[in-house]
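Below: one structure, written as structure tokens.
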Amino acid sequence: MIDKIKALRAEIAALQAQSAEEVEKIRIKYLSKKGEISSLMNDFRSVPAELKREVGQQLNQLKTEANERLAALKEALASADESGKAGMDLTRSATPIPFGTRHPLSLVKNEIFEIFGAQGFTIAEGPEIEDDWHVFSSLNFPPDHPARDMQDTFFISREPSDVLLRTHTSSVQTRTMETQKPPIRIICPGRVYRNEAISARAHCFFHQVEGLYIDKNVSFADLKQVLLYFAREMFGPDTKIRLRPSYFPFTEPSAEMDISCHICGGKGCAFCKGTGWVEILGCGMVDPNVLEACGIDSTVYSGYAFGMGIERITNLKYRVKDLRMFSENDVRFLHEFDAAH
Ligand code: PHE
């Protein structure tokens with residue numbers, strides 16, 4: 001019997017449990033009324049008198065140890081549970097990756113979204129790889145327009161028909177007009193490509209946000225009001241705007257918009273080259289030919305469109321001198337915008 005008790009003590013000391021059910025099984029096996037220890041207690045009666053003292057001590061020891069082991073297993077399970085609840089996440093990286101910062105172009109893009117979002121514009125997006133129709137033909141570009149030249153546009157293939165990288169996000173306007181009925185009020189953000197030599201002032205890709213509003217009785221005055229609101233929200237409440245006549249194939253009349261130089265307040269400085277004004281976007285009333293090309297009745301509907309470069313707006317706000325910084329992924333540059341979050 002002594003041997004049996006010793007064997008049980010060793011067995012109990014080595015017990016492990018992964019769950020509350022396993023702990024309970026152990027209790028039943030060893031400590032319940034019909035368990036191993038109780039049956040040994042029953043056998044104790046038949047132990048010869050001269051051994052009773054020793055066997056009794058061993059039995060008590062076994063019972064104490066079994067109770068202690070059970071309590072320890074319960075304790076271990078409970079504390080494993082606790083640390084789980086305290087948010088221990090085993091999927092976390094052992095070497096945490098530090099937080100990045102938002103790219104300045106994203107910061108400005110989000111600000112543009114907010115300003116136009118508040119005026120009821122929703123976001124529309126389209127593909128960067130386009131066809132001739134959506135980038136040029138539907139937008140009233142004549143067949144011999146210089147933008148269709150290899151010098152200005154990246155072509156992916158020319159046969160059987162032109163496949164190219166969009167040179168502006170006006171293609172998204174066409175796509176929206178083809179599939180939706182007026183009223184349409186969208187802004188189209190996205191990357192555009194032009195075949196230019198890369199320098200501090202030009203890149204072969206940049207980002208635009210274009211806007212389009214089509215409805216009954218939309219006038220140039222509506223366009224001007226929306227753009228004035230935008231300029232003041234973006235560059236401050238004292239900002240003035242001026243519209244100069246311009247030309248785009250897809251708008252008639254067309255204009256370019258300047259804002260009063262926010263560096264010198266319009267007095268004239270090196271930044272605005274002494275003029276007091278800086279150019280920020282192109283705009284105009286959507287040409288009836290474009291509406292018709294997209295299946296919208298130009299005798300019933302009219303609309304305005306505008307388009308701006310996000311890099312240009314970002315430069316005006318943060319004065320980034322070299323356009324190439326935007327795409328070089330230099331974290332030192334990106335960290336300069338931490339405070340702007
Ligand atoms: N699509 C023009 C560009 O890329 C910008 C523009 C959009 C001008 C809408 C007028 C109206 O330069």
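We name chains A, B, ... following the order of the structure tokens; residues begin at 1 in each chain, and ligands are numbered from 1 as shown.
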
>> Quick check for you: according to DSSP on this backbone, which residues of region 121-275 of chain A are classed as alpha helix (DSSP H)? Reply as a count of residues only.
In response: 30

>> Set the distance at 12 Å and use only C-alpha atoms: which residues neighbour region 193-206 of chain A once local chain neighbours fewer than 3 positions away are removed? I'd like the list as an NGL selection string.
In response: :A and (105 or 128-130 or 135 or 147-156 or 164-169 or 189-190 or 209 or 308-315 or 320-328)

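Contacts with ligand 1 are defined as any residue atom within 8 Å of a ligand atom, using only C-alpha atoms and all ligand atoms; the residues meeting this criterion are A:Thr167, A:His168, A:Thr169, A:Ser170, A:Gln208, A:Glu210, A:Gly211, A:Leu212, A:Phe248, A:Phe250, A:Thr251, A:Ser254, A:Ala255, A:Glu256, A:Leu281, A:Gly282, A:Cys283, A:Gly284, A:Met285, A:Val286, A:Tyr304, A:Ala305, A:Phe306, A:Gly307, A:Met308.
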
>> Can you tell me, as a PyMOL selection string, which residues in region 135-237 of chain A count as strand (DSSP E or B) by DSSP?
In response: chain A and resi 155-157+163-165+184-193+205-215

How would the residues just picked look written out with C-alpha atoms as an mmCIF file, in the first residue's frame?
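So the final result, stored in part-v2.cif, reads:
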```cif
data_model
loop_
_atom_site.group_PDB
_atom_site.id
_atom_site.type_symbol
_atom_site.label_atom_id
_atom_site.label_comp_id
_atom_site.auth_asym_id
_atom_site.auth_seq_id
_atom_site.Cartn_x
_atom_site.Cartn_y
_atom_site.Cartn_z
ATOM 1 C CA PHE A 155 0.171 55.225 -75.091
ATOM 2 C CA ILE A 156 0.082 51.579 -74.033
ATOM 3 C CA SER A 157 -0.960 50.410 -77.493
ATOM 4 C CA VAL A 163 -5.084 52.394 -75.024
ATOM 5 C CA LEU A 164 -3.441 55.110 -72.958
ATOM 6 C CA LEU A 165 -2.731 56.446 -69.482
ATOM 7 C CA ILE A 184 -24.843 64.879 -61.152
ATOM 8 C CA ARG A 185 -22.562 66.452 -58.571
ATOM 9 C CA ILE A 186 -19.187 64.707 -58.314
ATOM 10 C CA ILE A 187 -15.530 65.249 -57.663
ATOM 11 C CA CYS A 188 -13.053 62.931 -59.344
ATOM 12 C CA PRO A 189 -9.708 62.458 -57.608
ATOM 13 C CA GLY A 190 -6.898 60.421 -59.058
ATOM 14 C CA ARG A 191 -3.475 60.027 -60.586
ATOM 15 C CA VAL A 192 -2.873 61.275 -64.122
ATOM 16 C CA TYR A 193 0.072 60.877 -66.487
ATOM 17 C CA PHE A 205 2.539 61.778 -63.152
ATOM 18 C CA PHE A 206 0.631 63.937 -60.719
ATOM 19 C CA HIS A 207 -2.759 64.028 -59.025
ATOM 20 C CA GLN A 208 -5.931 65.886 -59.841
ATOM 21 C CA VAL A 209 -9.324 66.556 -58.394
ATOM 22 C CA GLU A 210 -11.898 67.516 -60.967
ATOM 23 C CA GLY A 211 -15.443 68.584 -60.246
ATOM 24 C CA LEU A 212 -18.641 68.337 -62.279
ATOM 25 C CA TYR A 213 -22.151 69.580 -61.660
ATOM 26 C CA ILE A 214 -24.939 68.935 -64.168
ATOM 27 C CA ASP A 215 -28.533 69.976 -63.580
#
```

> Contacts of Gln58 (chain A) at 9 Å or less, counting only C-alpha atoms, minus same-chain residues fewer than 5 places along, as a ChimeraX atom specification?
Replying inline: /A:2,5-6,53,63

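Of the residues listed (A:Ser19, A:Thr299, A:Asn67, A:Asn110), A:Asn110 shows the shortest atom-to-atom separation from Met234 (chain A); distances use only C-alpha atoms.
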
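Considering the residues A:Arg102, A:Arg45, A:Ile12, A:Arg332 and counting only C-alpha atoms, Glu65 (chain A) has its shortest atom-to-atom contact with A:Ile12.
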
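Proximity ranking of A:Pro127, A:Gly236, A:Gly100, A:Pro182 relative to Gly295 (chain A) places A:Pro182 first, based on only C-alpha atoms.
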
> Rounded to one decimal in Å, what is the spacing between CA of Asp89 (chain A) and CA of Glu75 (chain A)?
Replying inline: 21.0 Å
